[in-house]
>>> print(open('protein-v3.cif').read())   # mmCIF, C-alpha atoms
data_query
#
loop_
_atom_site.label_atom_id
_atom_site.label_comp_id
_atom_site.auth_asym_id
_atom_site.auth_seq_id
_atom_site.Cartn_x
_atom_site.Cartn_y
_atom_site.Cartn_z
CA MET A 238 10.19 4.51 43.36
CA ASN A 239 10.10 1.17 41.65
CA LEU A 240 9.08 2.57 38.34
CA GLN A 241 12.40 1.95 36.65
CA ARG A 242 12.46 -1.58 37.93
CA ARG A 243 9.00 -2.14 36.43
CA ILE A 244 10.12 -0.86 33.05
CA LEU A 245 13.24 -3.00 33.17
CA LEU A 246 11.23 -6.08 34.05
CA LYS A 247 8.74 -5.40 31.31
CA SER A 248 11.36 -4.98 28.62
CA THR A 249 13.27 -8.05 29.79
CA LEU A 250 10.11 -10.12 29.67
CA ALA A 251 9.22 -8.88 26.20
CA ALA A 252 12.72 -9.66 24.97
CA SER A 253 12.69 -13.16 26.39
CA ALA A 254 9.27 -13.83 24.84
CA THR A 255 10.70 -12.98 21.43
CA THR A 256 13.66 -15.27 22.02
CA VAL A 257 11.33 -18.10 22.95
CA ALA A 258 9.32 -17.49 19.80
CA ILE A 259 12.47 -17.64 17.68
CA SER A 260 13.75 -20.80 19.31
CA ALA A 261 10.36 -22.42 18.88
CA GLY A 262 10.61 -21.67 15.19
CA LEU A 263 7.45 -19.61 15.21
CA LEU A 264 9.13 -16.53 13.88
CA THR A 265 11.40 -16.69 10.92
CA PRO A 266 14.61 -14.69 11.33
CA LYS A 267 13.50 -12.39 8.54
CA ALA A 268 10.21 -11.64 10.27
CA VAL A 269 12.13 -10.57 13.34
CA TRP A 270 14.54 -8.54 11.31
CA ALA A 271 11.75 -6.59 9.61
CA ALA A 272 9.98 -5.39 12.73
CA TRP A 273 6.46 -4.06 12.58
CA ASN A 274 6.67 -0.41 11.62
CA THR A 275 4.79 1.31 14.43
CA ALA A 276 5.42 4.84 13.19
CA ALA A 277 4.04 4.12 9.73
CA PHE A 278 1.00 2.18 10.88
CA ASN A 279 0.01 4.66 13.60
CA ALA A 280 0.39 7.64 11.28
CA LYS A 281 -2.75 9.74 10.94
CA ASP A 282 -2.28 10.85 7.34
CA VAL A 283 -1.08 9.33 4.09
CA ASP A 284 2.13 11.35 3.79
CA THR A 285 3.35 10.51 7.29
CA ALA A 286 2.51 6.85 6.72
CA LEU A 287 4.44 6.78 3.45
CA THR A 288 7.44 8.52 4.99
CA GLY A 289 7.38 6.01 7.84
CA ALA A 290 7.09 3.02 5.56
CA TYR A 291 9.30 4.00 2.62
CA GLY A 292 11.09 7.17 3.74
CA SER A 293 9.58 9.15 0.89
CA THR A 294 6.25 10.55 -0.25
CA GLU A 295 7.24 10.87 -3.88
CA THR A 296 5.15 8.46 -5.88
CA THR A 297 4.73 8.28 -9.64
CA ASP A 298 1.33 7.47 -11.07
CA SER A 299 1.54 4.28 -13.05
CA ASP A 300 -0.97 2.52 -15.26
CA LYS A 301 0.99 -0.69 -14.81
CA ILE A 302 -0.61 -1.09 -11.42
CA LYS A 303 -4.17 -2.33 -11.51
CA LEU A 304 -6.18 -1.58 -8.42
CA LYS A 305 -9.40 -3.52 -8.31
CA ALA A 306 -11.85 -2.24 -5.76
CA PRO A 307 -15.64 -1.93 -5.78
CA ASP A 308 -17.06 1.49 -6.77
CA VAL A 309 -19.64 1.10 -4.04
CA ALA A 310 -19.00 -1.03 -0.98
CA GLU A 311 -22.13 -1.89 0.93
CA ASN A 312 -20.24 -3.04 3.98
CA GLY A 313 -17.16 -1.09 5.00
CA ALA A 314 -16.11 -3.87 7.37
CA SER A 315 -14.92 -5.97 4.48
CA VAL A 316 -13.93 -4.42 1.18
CA THR A 317 -12.07 -6.69 -1.20
CA ILE A 318 -9.05 -5.01 -2.74
CA THR A 319 -6.83 -6.51 -5.44
CA VAL A 320 -3.54 -4.95 -6.43
CA ASP A 321 -1.90 -6.31 -9.56
CA SER A 322 1.45 -4.76 -10.43
CA LYS A 323 3.02 -5.43 -13.80
CA LEU A 324 6.06 -3.35 -12.90
CA ASP A 325 9.42 -5.08 -13.06
CA LYS A 326 11.07 -5.95 -9.75
CA THR A 327 8.02 -5.28 -7.63
CA GLU A 328 9.35 -5.51 -4.09
CA ALA A 329 6.50 -4.37 -1.91
CA ILE A 330 2.84 -3.45 -2.12
CA SER A 331 1.09 -1.18 0.37
CA ILE A 332 -2.60 -0.47 0.65
CA LEU A 333 -3.66 2.86 2.13
CA VAL A 334 -7.11 4.25 2.80
CA ASN A 335 -7.27 8.03 2.80
CA GLY A 336 -10.35 8.32 5.01
CA ASN A 337 -9.34 5.92 7.77
CA ALA A 338 -7.96 7.17 11.09
CA GLN A 339 -4.83 5.16 10.32
CA PRO A 340 -4.43 5.20 6.52
CA LEU A 341 -1.74 2.52 6.17
CA THR A 342 -3.68 -0.74 6.14
CA ALA A 343 -1.10 -3.27 5.09
CA THR A 344 2.33 -3.63 3.55
CA PHE A 345 3.20 -6.81 1.72
CA ASN A 346 6.91 -7.43 1.26
CA LEU A 347 7.31 -9.79 -1.62
CA GLY A 348 9.92 -12.48 -2.07
CA ALA A 349 12.07 -12.78 -5.18
CA THR A 350 9.73 -15.30 -6.77
CA THR A 351 6.50 -13.69 -5.63
CA GLU A 352 4.36 -12.03 -8.27
CA GLY A 353 3.13 -8.47 -7.82
CA PHE A 354 -0.33 -9.65 -6.97
CA ILE A 355 -2.27 -9.35 -3.72
CA THR A 356 -5.93 -9.74 -2.83
CA THR A 357 -7.11 -8.92 0.65
CA ASN A 358 -10.07 -7.60 2.60
CA ILE A 359 -9.87 -4.28 4.40
CA LYS A 360 -12.03 -2.08 6.59
CA MET A 361 -13.16 1.36 5.50
CA GLY A 362 -14.66 3.89 7.91
CA LYS A 363 -16.18 6.09 5.23
CA SER A 364 -16.15 6.79 1.51
CA SER A 365 -12.67 7.72 0.43
CA ASP A 366 -9.78 6.93 -1.87
CA VAL A 367 -8.02 3.59 -1.71
CA ILE A 368 -4.38 4.04 -2.66
CA ALA A 369 -2.09 1.26 -3.81
CA VAL A 370 1.58 2.07 -3.47
CA VAL A 371 4.05 -0.25 -5.18
CA LYS A 372 7.78 -0.23 -4.61
CA ALA A 373 9.51 -1.48 -7.72
CA ASP A 374 13.23 -1.30 -8.42
CA GLY A 375 13.69 1.13 -5.54
CA LYS A 376 11.06 3.60 -6.74
CA LEU A 377 7.53 4.24 -5.56
CA TYR A 378 4.53 4.05 -7.86
CA SER A 379 0.91 4.52 -6.97
CA THR A 380 -2.61 4.41 -8.24
CA LYS A 381 -5.86 5.15 -6.51
CA GLN A 382 -9.57 4.60 -6.76
CA GLN A 383 -12.51 6.08 -4.95
CA VAL A 384 -14.74 3.70 -3.05
CA LYS A 385 -18.13 4.74 -1.74
CA VAL A 386 -19.02 3.10 1.53
CA THR A 387 -22.66 2.74 2.56
CA ILE A 388 -22.07 1.32 6.05
CA GLY A 389 -18.78 2.23 7.75
CA GLY A 390 -16.64 -0.59 9.04
CA CYS A 391 -14.60 1.14 11.72
CA GLY A 392 -17.69 1.64 13.89
CA GLY A 393 -17.63 3.46 17.15
CA MET B 1396 -6.03 -30.19 5.63
CA ALA B 1397 -3.71 -31.72 8.16
CA ASN B 1398 -4.50 -29.37 10.96
CA THR B 1399 -8.17 -28.45 11.12
CA ASP B 1400 -7.85 -26.85 14.58
CA SER B 1401 -5.49 -24.22 13.26
CA THR B 1402 -6.61 -20.61 12.91
CA ILE B 1403 -5.05 -20.63 9.48
CA GLN B 1404 -6.77 -22.20 6.51
CA ILE B 1405 -4.95 -22.50 3.26
CA ARG B 1406 -6.05 -23.43 -0.22
CA SER B 1407 -3.23 -23.77 -2.67
CA SER B 1408 -2.78 -24.83 -6.25
CA VAL B 1409 -0.07 -24.83 -8.89
CA LYS B 1410 -0.52 -24.04 -12.55
CA LYS B 1411 2.46 -23.87 -14.91
CA GLY B 1412 4.88 -23.49 -12.01
CA VAL B 1413 2.96 -20.60 -10.45
CA ALA B 1414 1.44 -21.31 -7.08
CA THR B 1415 -1.68 -19.50 -5.95
CA ILE B 1416 -2.08 -19.37 -2.20
CA LYS B 1417 -5.34 -18.40 -0.54
CA CYS B 1418 -4.97 -17.89 3.14
CA LEU B 1419 -7.79 -17.29 5.62
CA VAL B 1420 -7.02 -16.59 9.26
CA SER B 1421 -9.57 -16.61 12.08
CA HIS B 1422 -8.83 -13.48 14.05
CA PRO B 1423 -10.99 -10.65 15.46
CA MET B 1424 -8.70 -7.83 14.18
CA GLU B 1425 -9.85 -5.24 16.73
CA THR B 1426 -8.54 -1.79 15.90
CA GLY B 1427 -8.72 -0.54 19.49
CA MET B 1428 -11.00 2.28 18.37
CA ARG B 1429 -14.28 0.39 18.55
CA LYS B 1430 -16.54 0.70 21.60
CA ASP B 1431 -18.71 -1.96 23.16
CA LYS B 1432 -22.36 -1.42 24.12
CA LYS B 1433 -21.36 0.22 27.40
CA GLY B 1434 -19.17 2.72 25.59
CA LYS B 1435 -15.91 1.15 26.71
CA LEU B 1436 -13.13 0.84 24.20
CA ILE B 1437 -12.44 -2.69 23.05
CA PRO B 1438 -8.67 -3.23 23.36
CA ALA B 1439 -6.72 -3.53 20.15
CA LYS B 1440 -5.95 -7.06 19.02
CA PHE B 1441 -4.85 -7.53 15.47
CA ILE B 1442 -2.32 -9.48 13.45
CA GLN B 1443 0.84 -7.48 12.84
CA LYS B 1444 3.01 -9.93 10.98
CA LEU B 1445 2.00 -12.69 8.62
CA SER B 1446 4.58 -14.51 6.60
CA CYS B 1447 4.69 -17.41 4.23
CA GLU B 1448 7.68 -19.60 3.48
CA HIS B 1449 8.30 -21.95 0.59
CA ALA B 1450 11.46 -24.06 0.29
CA GLY B 1451 13.30 -21.95 2.84
CA ASN B 1452 12.47 -18.67 1.11
CA VAL B 1453 10.12 -16.09 2.52
CA VAL B 1454 7.69 -15.53 -0.34
CA LEU B 1455 5.44 -13.12 1.53
CA ASP B 1456 6.14 -10.99 4.57
CA ALA B 1457 3.04 -8.97 5.33
CA ASP B 1458 2.70 -6.22 7.91
CA LEU B 1459 -0.94 -5.66 8.76
CA ASN B 1460 -2.74 -2.92 10.63
CA GLY B 1461 -6.01 -3.20 12.57
CA THR B 1462 -7.76 -1.83 9.49
CA VAL B 1463 -7.50 -5.18 7.75
CA SER B 1464 -10.86 -6.94 7.98
CA ALA B 1465 -11.71 -9.38 10.73
CA ASN B 1466 -10.70 -12.88 9.67
CA PRO B 1467 -8.15 -11.60 7.18
CA TYR B 1468 -8.05 -13.13 3.74
CA ILE B 1469 -4.93 -12.89 1.64
CA LYS B 1470 -4.39 -14.27 -1.82
CA PHE B 1471 -1.05 -14.14 -3.59
CA LYS B 1472 1.01 -15.94 -6.21
CA PHE B 1473 4.60 -17.02 -6.56
CA SER B 1474 6.56 -18.93 -9.17
CA GLY B 1475 8.89 -21.90 -8.90
CA ALA B 1476 6.55 -24.22 -7.07
CA THR B 1477 5.51 -27.77 -7.81
CA LYS B 1478 2.70 -29.89 -6.49
CA GLY B 1479 3.48 -31.53 -3.16
CA ASP B 1480 5.70 -28.66 -1.99
CA THR B 1481 5.39 -27.62 1.63
CA ILE B 1482 4.25 -24.13 2.53
CA LYS B 1483 4.60 -22.66 5.99
CA VAL B 1484 2.42 -19.77 7.15
CA ASN B 1485 2.65 -18.05 10.49
CA TRP B 1486 1.24 -14.94 12.12
CA VAL B 1487 1.91 -12.91 15.25
CA ASP B 1488 -0.52 -10.35 16.70
CA ASN B 1489 0.07 -7.25 18.82
CA LYS B 1490 -0.61 -9.22 22.02
CA GLY B 1491 2.11 -11.72 21.17
CA ASP B 1492 -0.28 -14.52 20.27
CA SER B 1493 0.72 -16.50 17.24
CA ASP B 1494 -0.04 -19.53 15.17
CA ALA B 1495 1.73 -21.44 12.45
CA VAL B 1496 0.73 -24.08 9.97
CA GLU B 1497 2.42 -26.24 7.36
CA VAL B 1498 0.56 -27.57 4.36
CA GLU B 1499 1.41 -29.33 1.16
CA ILE B 1500 0.22 -28.04 -2.17
CA PRO B 1501 -2.24 -30.79 -3.07
CA THR B 1502 -1.27 -33.06 -5.92
CA LYS B 1503 -4.85 -33.75 -6.81
CA ARG B 1504 -7.61 -31.29 -7.39
CA ARG B 1505 -9.71 -30.70 -4.34
CA LYS B 1506 -13.10 -32.33 -4.59
CA LYS B 1507 -15.88 -29.80 -4.58
#
>>> encode(input="protein-v3.cif", output="C-alpha cells")
Amino acid sequence: MNLQRRILLKSTLAASATTVAISAGLLTPKAVWAAWNTAAFNAKDVDTALTGAYGSTETTDSDKIKLKAPDVAENGASVTITVDSKLDKTEAISILVNGNAQPLTATFNLGATTEGFITTNIKMGKSSDVIAVVKADGKLYSTKQQVKVTIGGCGG
Amino acid sequence: MANTDSTIQIRSSVKKGVATIKCLVSHPMETGMRKDKKGKLIPAKFIQKLSCEHAGNVVLDADLNGTVSANPYIKFKFSGATKGDTIKVNWVDNKGDSDAVEVEIPTKRRKK
C-alpha cells in the first residue's frame, strides 16, 4: 500500500544527503559527475566489466605498460600491484582480477598532470591473472600477469 | 600531520616538480561476500570514490570495489607541484560515510 511512498522517501533522502555532502565541500563536483559505475563493478566476468567501464572489450596488448605483481602471493588479502604506463595521454588505469567474483577491482581516472603510475593493494580469492587496462588517447591497452595465491583473501 | 585523528594518512614529497603521494586509508573494505563465525554474511562496506585535488585540479579520481584490500594504500605521482602546496584527499564509501583531509607537501624532509 505504502510501498511507493517508501521508495519516494528513500530516494528523496538519498538525494538530499548528496546535496548536503556537496554543500559541505566533501564531494568535489567532478566526483559527483563521475558516479560510481555499479554495472562495471558488479560484473561477474572481465568482458562485462570492461564493457561497463569503457564501453568496449577491445584491448591491444602493449609492452609500454609495466604491471608489477608478485609471482607468488602468500596472502591473497593484500597483493601489491603497480601499474606503470609509458603510453602518451594515459587517461585511466583499471585493475582487474580474472579469478575474483567481481573482476573489476579499481579504476583510477587520472588528471592532466598525473603520471600513468599507480600502486595499490588488492584482494585475490585464488590464483589467477591480474589484468591492467590502460586508456590512453581514447584507446584501450592491456597487459596481464599470473599471480599464484597461497591463501585466498576473499574468504568465506 | 595536522590531523592525526583522520582516517586518511598521507606522505608526500616533491622531486624535480613531480609529487609522489602515498595515501593510506583506515577502512575495513568488506566485500559483502564474507561470512562471520556464525555463517552470517558481513554487510558490504567499502570505499567507492577516492579523489585527490591539487591547486583546484582533480589529479586522481579513483573508483574502488570491495576487492581492494582492507586499509587501502594508493601511491601515485603528478607533475607541476612545489613544496608547501596543499593537497586535498577525500573518500566516500557505499554506506555514505566519508572523510576528507588537507595536507601540505612538507618543505623539509621527514625525520625518520
>>> closest_residue(input="protein-v3.cif", among="A:Asp308, A:Glu352, A:Asp366, A:Asp284", to="chain B", atoms="all atoms listed in the file")
A:Glu352
>>> closest_atom_pairs(input="protein-v3.cif", of="chain B", to="chain A", cutoff="8 Å", atoms="only C-alpha atoms", output="CSV")
residue,atom,partner,partner_atom,distance
B:Thr1426,CA,A:Cys391,CA,7.9
B:Met1428,CA,A:Gly393,CA,6.8
B:Arg1429,CA,A:Gly393,CA,4.8
B:Lys1430,CA,A:Gly393,CA,5.3
B:Gln1443,CA,A:Trp273,CA,6.6
B:Lys1444,CA,A:Trp273,CA,7.0
B:Ser1446,CA,A:Ala268,CA,7.3
B:Asn1452,CA,A:Gly348,CA,7.4
B:Val1453,CA,A:Gly348,CA,5.8
B:Val1454,CA,A:Gly348,CA,4.2
B:Leu1455,CA,A:Leu347,CA,5.0
B:Asp1456,CA,A:Asn346,CA,4.9
B:Ala1457,CA,A:Phe345,CA,4.2
B:Asp1458,CA,A:Thr344,CA,5.1
B:Leu1459,CA,A:Ala343,CA,4.4
B:Asn1460,CA,A:Thr342,CA,5.1
B:Gly1461,CA,A:Thr342,CA,7.3
B:Thr1462,CA,A:Lys360,CA,5.2
B:Val1463,CA,A:Ile359,CA,4.2
B:Ser1464,CA,A:Ile359,CA,4.6
B:Ala1465,CA,A:Ser315,CA,7.8
B:Pro1467,CA,A:Asn358,CA,6.4
B:Tyr1468,CA,A:Thr357,CA,5.3
B:Ile1469,CA,A:Thr357,CA,4.6
B:Lys1470,CA,A:Thr356,CA,4.9
B:Phe1471,CA,A:Ile355,CA,4.9
B:Lys1472,CA,A:Glu352,CA,5.5
B:Phe1473,CA,A:Thr351,CA,3.9
B:Ser1474,CA,A:Thr350,CA,5.4
B:Gly1475,CA,A:Thr350,CA,7.0
B:Asn1485,CA,A:Leu263,CA,6.9
B:Ser1493,CA,A:Leu263,CA,7.7
B:Asp1494,CA,A:Leu263,CA,7.5
B:Ala1495,CA,A:Leu263,CA,6.6
>>> resolve_selection(input="protein-v3.cif", expression="the PyMOL selection byres ((chain A and resi 310) around 8)", output="list in words")
Pro307, Asp308, Val309, Glu311, Asn312, Gly313, Val316, Val384, Lys385, Val386 and Thr387 of chain A
>>> residues_around(input="protein-v3.cif", residues="Lys303 in chain A", least_positions_apart="2", cutoff="9 Å", atoms="only C-alpha atoms", output="list in words")
Ser299, Asp300, Lys301, Lys305, Thr319, Val320, Asp321, Ser322, Lys323, Ala369 and Thr380 of chain A
>>> atom_distance(input="protein-v3.cif", atom1="CA of Cys1447 in chain B", atom2="CA of Thr1502 in chain B")
19.6 Å
>>> atom_distance(input="protein-v3.cif", atom1="CA of Lys1503 in chain B", atom2="CA of Ser1401 in chain B")
22.2 Å
>>> atom_distance(input="protein-v3.cif", atom1="CA of Ala276 in chain A", atom2="CA of Thr288 in chain A")
9.2 Å
>>> residues_around(input="protein-v3.cif", residues="Ser293 in chain A", least_positions_apart="5", cutoff="12 Å", atoms="all atoms listed in the file", output="list in words")
Ala277, Val283, Asp284, Thr285, Ala286, Leu287, Thr288, Val370, Lys372, Gly375, Lys376, Leu377 and Tyr378 of chain A
>>> write_last_selection(input="protein-v3.cif", atoms="C-alpha atoms", output="mmCIF file, keeping the file's coordinate frame")
data_model
loop_
_atom_site.group_PDB
_atom_site.id
_atom_site.type_symbol
_atom_site.label_atom_id
_atom_site.label_comp_id
_atom_site.auth_asym_id
_atom_site.auth_seq_id
_atom_site.Cartn_x
_atom_site.Cartn_y
_atom_site.Cartn_z
ATOM 1 C CA ALA A 277 4.040 4.120 9.730
ATOM 2 C CA VAL A 283 -1.080 9.330 4.090
ATOM 3 C CA ASP A 284 2.130 11.350 3.790
ATOM 4 C CA THR A 285 3.350 10.510 7.290
ATOM 5 C CA ALA A 286 2.510 6.850 6.720
ATOM 6 C CA LEU A 287 4.440 6.780 3.450
ATOM 7 C CA THR A 288 7.440 8.520 4.990
ATOM 8 C CA VAL A 370 1.580 2.070 -3.470
ATOM 9 C CA LYS A 372 7.780 -0.230 -4.610
ATOM 10 C CA GLY A 375 13.690 1.130 -5.540
ATOM 11 C CA LYS A 376 11.060 3.600 -6.740
ATOM 12 C CA LEU A 377 7.530 4.240 -5.560
ATOM 13 C CA TYR A 378 4.530 4.050 -7.860
#
>>> resolve_selection(input="protein-v3.cif", expression="the PyMOL selection byres ((chain B and resi 1440) around 9)", output="VMD selection string")
chain B and resid 1422 to 1427 1437 to 1439 1441 to 1442 1461 1488 to 1490
>>> resolve_selection(input="protein-v3.cif", expression="the PyMOL selection byres ((chain B and resi 1404) around 12)", output="MDAnalysis selection string")
chainID B and resid 1396:1403 1405:1407 1416:1422 1466:1470 1482:1485 1494:1498
>>> axis_aligned_box(input="protein-v3.cif", around="range 280-288 of chain A", padding_each_side="8 Å", output="AutoDock Vina command-line options")
--center_x 2.3 --center_y 9.1 --center_z 7.4 --size_x 26.2 --size_y 20.6 --size_z 23.8
>>> build_atoms(input="protein-v3.cif", residues="range 1482-1493 of chain B", atoms="all heavy atoms", output="mmCIF file, in the coordinates of the input")
data_model
loop_
_atom_site.group_PDB
_atom_site.id
_atom_site.type_symbol
_atom_site.label_atom_id
_atom_site.label_comp_id
_atom_site.auth_asym_id
_atom_site.auth_seq_id
_atom_site.Cartn_x
_atom_site.Cartn_y
_atom_site.Cartn_z
ATOM 1 N N ILE B 1482 4.334 -25.564 2.302
ATOM 2 C CA ILE B 1482 4.250 -24.130 2.530
ATOM 3 C C ILE B 1482 4.034 -23.917 4.021
ATOM 4 O O ILE B 1482 3.202 -24.590 4.635
ATOM 5 C CB ILE B 1482 3.064 -23.517 1.772
ATOM 6 C CG1 ILE B 1482 3.220 -23.756 0.283
ATOM 7 C CG2 ILE B 1482 2.942 -22.032 2.030
ATOM 8 C CD1 ILE B 1482 1.926 -23.581 -0.431
ATOM 9 N N LYS B 1483 4.787 -22.994 4.578
ATOM 10 C CA LYS B 1483 4.600 -22.660 5.990
ATOM 11 C C LYS B 1483 4.010 -21.263 6.080
ATOM 12 O O LYS B 1483 4.479 -20.337 5.417
ATOM 13 C CB LYS B 1483 5.949 -22.630 6.720
ATOM 14 C CG LYS B 1483 6.605 -23.964 6.895
ATOM 15 C CD LYS B 1483 7.886 -23.762 7.712
ATOM 16 C CE LYS B 1483 8.831 -24.922 7.513
ATOM 17 N NZ LYS B 1483 10.128 -24.661 8.155
ATOM 18 N N VAL B 1484 2.992 -21.098 6.912
ATOM 19 C CA VAL B 1484 2.420 -19.770 7.150
ATOM 20 C C VAL B 1484 2.386 -19.540 8.644
ATOM 21 O O VAL B 1484 2.009 -20.441 9.399
ATOM 22 C CB VAL B 1484 1.005 -19.646 6.545
ATOM 23 C CG1 VAL B 1484 0.375 -18.316 6.925
ATOM 24 C CG2 VAL B 1484 1.036 -19.784 5.039
ATOM 25 N N ASN B 1485 2.806 -18.378 9.075
ATOM 26 C CA ASN B 1485 2.650 -18.050 10.490
ATOM 27 C C ASN B 1485 2.248 -16.597 10.682
ATOM 28 O O ASN B 1485 2.492 -15.753 9.816
ATOM 29 C CB ASN B 1485 3.912 -18.402 11.279
ATOM 30 C CG ASN B 1485 5.072 -17.516 10.923
ATOM 31 O OD1 ASN B 1485 5.039 -16.313 11.163
ATOM 32 N ND2 ASN B 1485 6.092 -18.096 10.322
ATOM 33 N N TRP B 1486 1.587 -16.331 11.796
ATOM 34 C CA TRP B 1486 1.240 -14.940 12.120
ATOM 35 C C TRP B 1486 1.518 -14.657 13.588
ATOM 36 O O TRP B 1486 1.584 -15.571 14.418
ATOM 37 C CB TRP B 1486 -0.229 -14.627 11.784
ATOM 38 C CG TRP B 1486 -1.293 -15.458 12.462
ATOM 39 C CD1 TRP B 1486 -1.988 -16.491 11.909
ATOM 40 C CD2 TRP B 1486 -1.814 -15.318 13.800
ATOM 41 N NE1 TRP B 1486 -2.883 -17.000 12.821
ATOM 42 C CE2 TRP B 1486 -2.806 -16.302 13.978
ATOM 43 C CE3 TRP B 1486 -1.542 -14.434 14.857
ATOM 44 C CZ2 TRP B 1486 -3.535 -16.441 15.169
ATOM 45 C CZ3 TRP B 1486 -2.254 -14.584 16.039
ATOM 46 C CH2 TRP B 1486 -3.234 -15.578 16.194
ATOM 47 N N VAL B 1487 1.717 -13.379 13.883
ATOM 48 C CA VAL B 1487 1.910 -12.910 15.250
ATOM 49 C C VAL B 1487 1.044 -11.665 15.412
ATOM 50 O O VAL B 1487 1.040 -10.802 14.534
ATOM 51 C CB VAL B 1487 3.389 -12.523 15.514
ATOM 52 C CG1 VAL B 1487 3.575 -12.077 16.948
ATOM 53 C CG2 VAL B 1487 4.318 -13.676 15.197
ATOM 54 N N ASP B 1488 0.285 -11.561 16.511
ATOM 55 C CA ASP B 1488 -0.520 -10.350 16.700
ATOM 56 C C ASP B 1488 0.121 -9.422 17.726
ATOM 57 O O ASP B 1488 1.179 -9.711 18.275
ATOM 58 C CB ASP B 1488 -1.987 -10.682 17.000
ATOM 59 C CG ASP B 1488 -2.193 -11.243 18.402
ATOM 60 O OD1 ASP B 1488 -1.262 -11.183 19.217
ATOM 61 O OD2 ASP B 1488 -3.302 -11.742 18.663
ATOM 62 N N ASN B 1489 -0.538 -8.273 17.952
ATOM 63 C CA ASN B 1489 0.070 -7.250 18.820
ATOM 64 C C ASN B 1489 0.102 -7.674 20.277
ATOM 65 O O ASN B 1489 0.782 -7.058 21.091
ATOM 66 C CB ASN B 1489 -0.661 -5.911 18.650
ATOM 67 C CG ASN B 1489 -2.100 -5.978 19.120
ATOM 68 O OD1 ASN B 1489 -2.759 -7.004 18.995
ATOM 69 N ND2 ASN B 1489 -2.602 -4.905 19.674
ATOM 70 N N LYS B 1490 -0.645 -8.720 20.645
ATOM 71 C CA LYS B 1490 -0.610 -9.220 22.020
ATOM 72 C C LYS B 1490 0.417 -10.343 22.171
ATOM 73 O O LYS B 1490 0.521 -10.947 23.235
ATOM 74 C CB LYS B 1490 -1.993 -9.743 22.419
ATOM 75 C CG LYS B 1490 -3.083 -8.691 22.386
ATOM 76 C CD LYS B 1490 -3.000 -7.797 23.607
ATOM 77 C CE LYS B 1490 -4.141 -6.791 23.594
ATOM 78 N NZ LYS B 1490 -3.922 -5.732 24.582
ATOM 79 N N GLY B 1491 1.095 -10.669 21.093
ATOM 80 C CA GLY B 1491 2.110 -11.720 21.170
ATOM 81 C C GLY B 1491 1.574 -13.108 20.874
ATOM 82 O O GLY B 1491 2.331 -14.075 20.880
ATOM 83 N N ASP B 1492 0.259 -13.214 20.648
ATOM 84 C CA ASP B 1492 -0.280 -14.520 20.270
ATOM 85 C C ASP B 1492 0.171 -14.844 18.845
ATOM 86 O O ASP B 1492 0.384 -13.950 18.025
ATOM 87 C CB ASP B 1492 -1.821 -14.498 20.305
ATOM 88 C CG ASP B 1492 -2.327 -14.414 21.729
ATOM 89 O OD1 ASP B 1492 -1.550 -14.711 22.652
ATOM 90 O OD2 ASP B 1492 -3.500 -14.049 21.923
ATOM 91 N N SER B 1493 0.282 -16.127 18.583
ATOM 92 C CA SER B 1493 0.720 -16.500 17.240
ATOM 93 C C SER B 1493 0.197 -17.884 16.877
ATOM 94 O O SER B 1493 -0.309 -18.618 17.728
ATOM 95 C CB SER B 1493 2.249 -16.499 17.170
ATOM 96 O OG SER B 1493 2.746 -17.503 18.015
#
